[in-house]
Amino acid sequence: MSDDRRSGDQQVTVRRAVEEDDAALLAIERSAWDASSGFPSYLETLQDTFFSRSGPEAHLVAEHEGAVVGYLRLQDKYPFPEGSGVLSINGLAVAHEARRLGVASALLDAATAEGRLRGARKISLHVHSTNTAARRLYERHGYVLEGTHPNEFLIEGHYIAALDMAKTL
């Protein structure tokens, strides 16, 4: 899989992850999240390898000017046959220096293409209600709000709603 997207004169390429991406992805993981988009306690659980949660096969990687600048984790949502055809985005992160270059859009487009290749009927994701930039991005890519879980998380003294969004393929 390879997907190219140009932003001005700059090119973002998306490909499948490989083991050699581990250090670059771990660096992005350690710096990309804040309280509006992730869980502060999660950073405390990071190991010395990015692929401790799931292997390279679950990840799409974005490159810009030869450097790994983002990832999207795409997995089956359900482990049973009745839920086959539904994929879940279980993480999307872009390095700070590569934001506003179209990296997240390229990753979402590649996830849609991958979903269609797999014969999926739907891609779902969760997003914090406080992450308005991500919500707008997902909406531009055809994701719609399917559910709201008020007061789902207590982050830095504030209750945060979790939103379920999905895109039908």
# chains A, B, ... in the order shown; residues from 1 in each chain; ligands from 1
call {"tool": "select_by_dssp", "arguments": {"residues": "segment 71-128 of chain A", "states": "strand (DSSP E or B)", "output": "MDAnalysis selection string"}}
result
chainID A and resid 71:76 86:94 122:128
call {"tool": "residues_around", "arguments": {"residues": "Arg16 of chain A", "least_positions_apart": "3", "cutoff": "10 Å", "atoms": "only C-alpha atoms", "output": "MDAnalysis selection string"}}
result
chainID A and resid 1:2 21 56:62 71:72 110
call {"tool": "residues_around", "arguments": {"residues": "segment 93-102 of chain A", "least_positions_apart": "3", "cutoff": "6 Å", "atoms": "only C-alpha atoms", "output": "VMD selection string"}}
result
chain A and resid 7 28 69 to 71 105
call {"tool": "residues_around", "arguments": {"residues": "Gln47 of chain A", "least_positions_apart": "6", "cutoff": "12 Å", "atoms": "only C-alpha atoms", "output": "PyMOL selection string"}}
result
chain A and resi 22-23+26-27+29-30+53
call {"tool": "atom_distance", "arguments": {"atom1": "atom CA of Arg135 of chain A", "atom2": "atom CA of Thr13 of chain A"}}
result
22.9 Å
call {"tool": "residues_around", "arguments": {"residues": "segment 146-148 of chain A", "least_positions_apart": "6", "cutoff": "12 Å", "atoms": "only C-alpha atoms", "output": "MDAnalysis selection string"}}
result
chainID A and resid 123:129 139 160:168
call {"tool": "atom_distance", "arguments": {"atom1": "atom CA of Lys122 of chain A", "atom2": "atom CA of Leu169 of chain A"}}
result
5.4 Å
call {"tool": "atom_distance", "arguments": {"atom1": "atom CA of Leu74 of chain A", "atom2": "atom CA of Ile89 of chain A"}}
result
4.7 Å
